[in-house]
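Peer 1: Starting off with a structure, shown below.
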Amino acid sequence: MPRLTILQAGFYDSIQDKGRKKHRHLGVPCSGAMDQKAADLANSILNNTLDAAVLELVLSGGTYLFSTPTCIAITGAKAKVTVNDIAVEQNKLLDIKSGEVLKIGVATTGNFMYVAIGGGFQTEEVLGSKSFYTGITLMGNLQKGHDIDYAPYTDRQFTKANWKPVGQESALRCYAGAEFNLLDRKQQEKLLNTSFTISKNWNRMAFQLEEKIYNSLEQLKSSPVLPGTVQLTANGQLIVLMRDAPTTGGYPRVLQLDETSISSVAQKRVGSQVDFIVL
């Protein structure tokens, strides 16, 4: 089986796909690519199915060796990318020869980068998904020396479309959450009329926002939450749950982002601002 060897891992490399969506009743998080739109774009360039597993890189990439010829596409956050030390472009099909080395540098915009490969990465499927998640898959992230299998090269038909990177909007589309109406009018207006700042406290589980909405809402008994649920803590902190979010939580659920806006939040850097728009 052809393989990609990690010569130098990035900050946090993992394999992700569309995630696990049929096991939430067992307490299993969805996981999956943080920016599903960028992952879909990478797979689309290669004519892969949209649920093909991709390599997700966080903030900085690494160095990767291909054992056999293949095709790849790199999307998401912008970074310096080279193949055998020759600069290449993102958001387009790249032909790879045996023994060639891919290097991906530090992201200059956004947080998450994606490497899709023809036919997808062939890692172990657990509970219907190849997405890494510590405690469910054997690995939580990739390290130097790890090998990842990929599909053998085949002659593939590629479209001639001009692929464009996915835009990241500051306005986040959402729906009123289950506890939205427990906020008084002033709190609702502040929630919907404030430009919130992305905090330095973020990961694959959640992004925190800096500005607070002080409230006296009662905490809930553990209730269902989803990726994109916006929780409001007793001290006024807003927490946007992301792909590795738990399946239940005790904070009031004031908003629920739509799928596109979850991907947009994922690429927001610390200090950037977002606004909520209720549909």
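Please note that chains go A, B, ... in the order of the structure tokens, that every chain numbers its residues from 1, and that ligands are numbered from 1 in the order shown.
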Leaving out Gly32 of chain A and any residue of its chain fewer than 3 positions from it, which residues lie within 6 Å of it when counting only C-alpha atoms, given as a list in words?
Peer 2: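 Result of the neighbour search: Gln16, Asp17, Lys18, Gly19 and Ser131 of chain A.
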Peer 1: Which residues of segment 119-147 of chain A have any atom within 12 Å of an atom in segment 62-73 of chain A when counting only C-alpha atoms, and what is the closest pair of atoms for each, with the distance in Å to one decimal? Order the rows by chain and rising number and write it as a tab-separated table.
Peer 2:
residue	atom	partner	partner_atom	distance
A:Gly119	CA	A:Cys71	CA	9.1
A:Gly120	CA	A:Ile72	CA	9.4
A:Phe121	CA	A:Ile72	CA	10.8
A:Leu142	CA	A:Gly62	CA	10.6
A:Gln143	CA	A:Gly62	CA	10.0
A:Lys144	CA	A:Thr63	CA	9.1
A:Gly145	CA	A:Tyr64	CA	9.8
A:His146	CA	A:Tyr64	CA	10.0
A:Asp147	CA	A:Leu65	CA	9.3
Peer 1: Quick one: DSSP helix (DSSP H, G or I) residues in segment 10-78 of chain A, as a list in words?
Peer 2: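 Those in segment 10-78 of chain A that DSSP calls helix (DSSP H, G or I) are Arg24, His25, Leu26, Gln36, Lys37, Ala38, Ala39, Asp40, Leu41, Ala42, Asn43, Ser44 and Ile45 of chain A.
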Peer 1: Can you tell me how far atom CA of Glu210 of chain A sits from atom CA of Gly228 of chain A, in Å to one decimal?
Peer 2: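 That distance, rounded to one decimal, is 17.3 Å.
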Peer 1: Measuring between only C-alpha atoms, which one of A:Leu127, A:Gly250, A:Lys97, A:Leu238 shows the shortest distance to Leu26 of chain A?
Peer 2: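 Smallest distance to Leu26 of chain A is found for A:Leu127.
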Peer 1: If we count only C-alpha atoms and set the cut-off at 12 Å, which residues sit around Arg24 of chain A, ignoring sequence neighbours fewer than 2 positions away in its own chain? Please answer as a ChimeraX atom specification.
Peer 2: /A:19-22,26-31,127,224-227,244-248
Peer 1: Suppose we keep C-alpha atoms; can you now write the selection as a tab-separated table (two decimals), in the first residue's frame?
Peer 2:
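As written to disk, part.tsv reads:
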chain	number	residue	atom	x	y	z
A	19	GLY	CA	-17.04	12.79	11.39
A	20	ARG	CA	-19.20	10.46	13.50
A	21	LYS	CA	-22.82	11.56	13.48
A	22	LYS	CA	-24.66	8.33	14.34
A	26	LEU	CA	-23.39	6.80	23.18
A	27	GLY	CA	-21.65	10.06	24.10
A	28	VAL	CA	-19.34	9.95	21.07
A	29	PRO	CA	-18.37	13.42	19.72
A	30	CYS	CA	-18.84	14.17	16.03
A	31	SER	CA	-15.21	15.17	15.29
A	127	LEU	CA	-17.58	3.85	14.35
A	224	PRO	CA	-27.91	17.96	24.30
A	225	VAL	CA	-25.40	20.16	22.46
A	226	LEU	CA	-23.97	20.05	18.95
A	227	PRO	CA	-21.05	21.49	17.02
A	244	ASP	CA	-14.83	17.75	19.10
A	245	ALA	CA	-17.53	19.16	21.39
A	246	PRO	CA	-19.14	16.84	23.95
A	247	THR	CA	-22.65	15.58	23.30
A	248	THR	CA	-24.19	17.18	26.41
Peer 1: I'd like the contact shell of Asn235 of chain A - 12 Å cut-off, only C-alpha atoms, skipping same-chain residues fewer than 4 positions apart - returned as a list of chain:residue names.
Peer 2: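 Near neighbours after the sequence-gap exclusion: A:Glu210, A:Glu211, A:Lys212, A:Ile213, A:Tyr214, A:Asn215, A:Ser216, A:Leu217, A:Glu218, A:Gln219, A:Gln231, A:Ile239, A:Tyr251, A:Pro252.
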Peer 1: Convert the current residue selection to file output with N, CA and C atoms, as a compact mmCIF listing (two decimals), in the first residue's frame.
Peer 2:
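Full text of part07.txt as output:
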# COMPACT_ATOMS: atom_id res chain seq x y z
N GLU A 210 -14.30 36.95 23.85
CA GLU A 210 -13.82 37.78 24.95
C GLU A 210 -14.93 38.60 25.64
N GLU A 211 -15.77 39.27 24.86
CA GLU A 211 -16.81 40.12 25.45
C GLU A 211 -17.84 39.25 26.17
N LYS A 212 -18.32 39.78 27.30
CA LYS A 212 -19.23 38.99 28.12
C LYS A 212 -20.65 39.55 28.12
N ILE A 213 -21.59 38.65 28.34
CA ILE A 213 -22.99 39.02 28.52
C ILE A 213 -23.40 38.55 29.91
N TYR A 214 -23.41 39.49 30.85
CA TYR A 214 -23.70 39.12 32.23
C TYR A 214 -25.17 38.74 32.36
N ASN A 215 -25.43 37.71 33.15
CA ASN A 215 -26.77 37.15 33.22
C ASN A 215 -26.97 36.44 34.55
N SER A 216 -28.21 36.11 34.82
CA SER A 216 -28.54 35.34 36.03
C SER A 216 -29.30 34.08 35.67
N LEU A 217 -29.01 33.55 34.48
CA LEU A 217 -29.69 32.33 34.04
C LEU A 217 -29.29 31.15 34.91
N GLU A 218 -30.25 30.28 35.17
CA GLU A 218 -29.95 29.06 35.91
C GLU A 218 -29.18 28.10 35.01
N GLN A 219 -28.23 27.39 35.62
CA GLN A 219 -27.52 26.37 34.87
C GLN A 219 -28.45 25.19 34.64
N GLN A 231 -22.88 28.48 23.88
CA GLN A 231 -23.27 28.41 25.28
C GLN A 231 -22.93 29.72 26.00
N ILE A 239 -19.25 30.58 24.65
CA ILE A 239 -18.43 29.47 24.19
C ILE A 239 -19.08 28.88 22.94
N TYR A 251 -24.52 24.41 30.32
CA TYR A 251 -24.69 25.86 30.15
C TYR A 251 -25.88 26.15 29.23
N PRO A 252 -26.59 27.25 29.45
CA PRO A 252 -27.68 27.64 28.56
C PRO A 252 -27.20 27.76 27.11
Peer 1: Measuring atom to atom with only C-alpha atoms, identify which of A:Lys221, A:Glu259, A:Lys268, A:Asp275 is nearest to Asn193 of chain A.
Peer 2: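 Among the listed residues, A:Asp275 lies closest to Asn193 of chain A.
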Peer 1: Just want the 10 Å neighbourhood of segment 47-50 of chain A, counted on only C-alpha atoms, with same-chain residues fewer than 3 positions away dropped. Output as a list in words.
Peer 2: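 The residues that qualify are Asp17, Lys18, Gln36, Lys37, Ala39, Asp40, Leu41, Ala42, Asn43, Ser44, Ala53, Val54, Ala116, Ile117, Gly118, Gly119, Gly120, Arg156, Gln157, Phe158 and Thr159 of chain A.
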Peer 1: Record the distance separating atom CA of Gln188 of chain A and atom CA of Ala176 of chain A, expressed in Å with one decimal.
Peer 2: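 Between atom CA of Gln188 of chain A and atom CA of Ala176 of chain A the gap works out to 10.1 Å.
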Peer 1: Pick from A:Ser170, A:Asn181, A:Gln273, A:Ser223: nearest to Ser261 of chain A, with only C-alpha atoms counted?
Peer 2: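 Between A:Ser170, A:Asn181, A:Gln273, A:Ser223, the residue approaching Ser261 of chain A most closely is A:Ser170.
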Peer 1: Using only C-alpha atoms, pick whichever of A:Ile148, A:Glu189, A:Leu102, A:Val81 has the shortest atom-to-atom distance to Glu124 of chain A.
Peer 2: A:Ile148
Peer 1: Which of segment 54-176 of chain A end up as strand (DSSP E or B) when DSSP is run on this backbone - answer as an NGL selection string?
Peer 2: :A and (54-58 or 60 or 63-66 or 70-78 or 81-83 or 86-87 or 94-96 or 101-104 or 106 or 109-117 or 121 or 126 or 129 or 134 or 137 or 142 or 147-150 or 171-176)
Peer 1: So which one's closest to Arg269 of chain A, A:Leu183, A:Ile198, A:Leu7, A:Ala107? Using only C-alpha atoms, please.
Peer 2: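 Looking at the shortest contact to Arg269 of chain A, the residue is A:Ile198.
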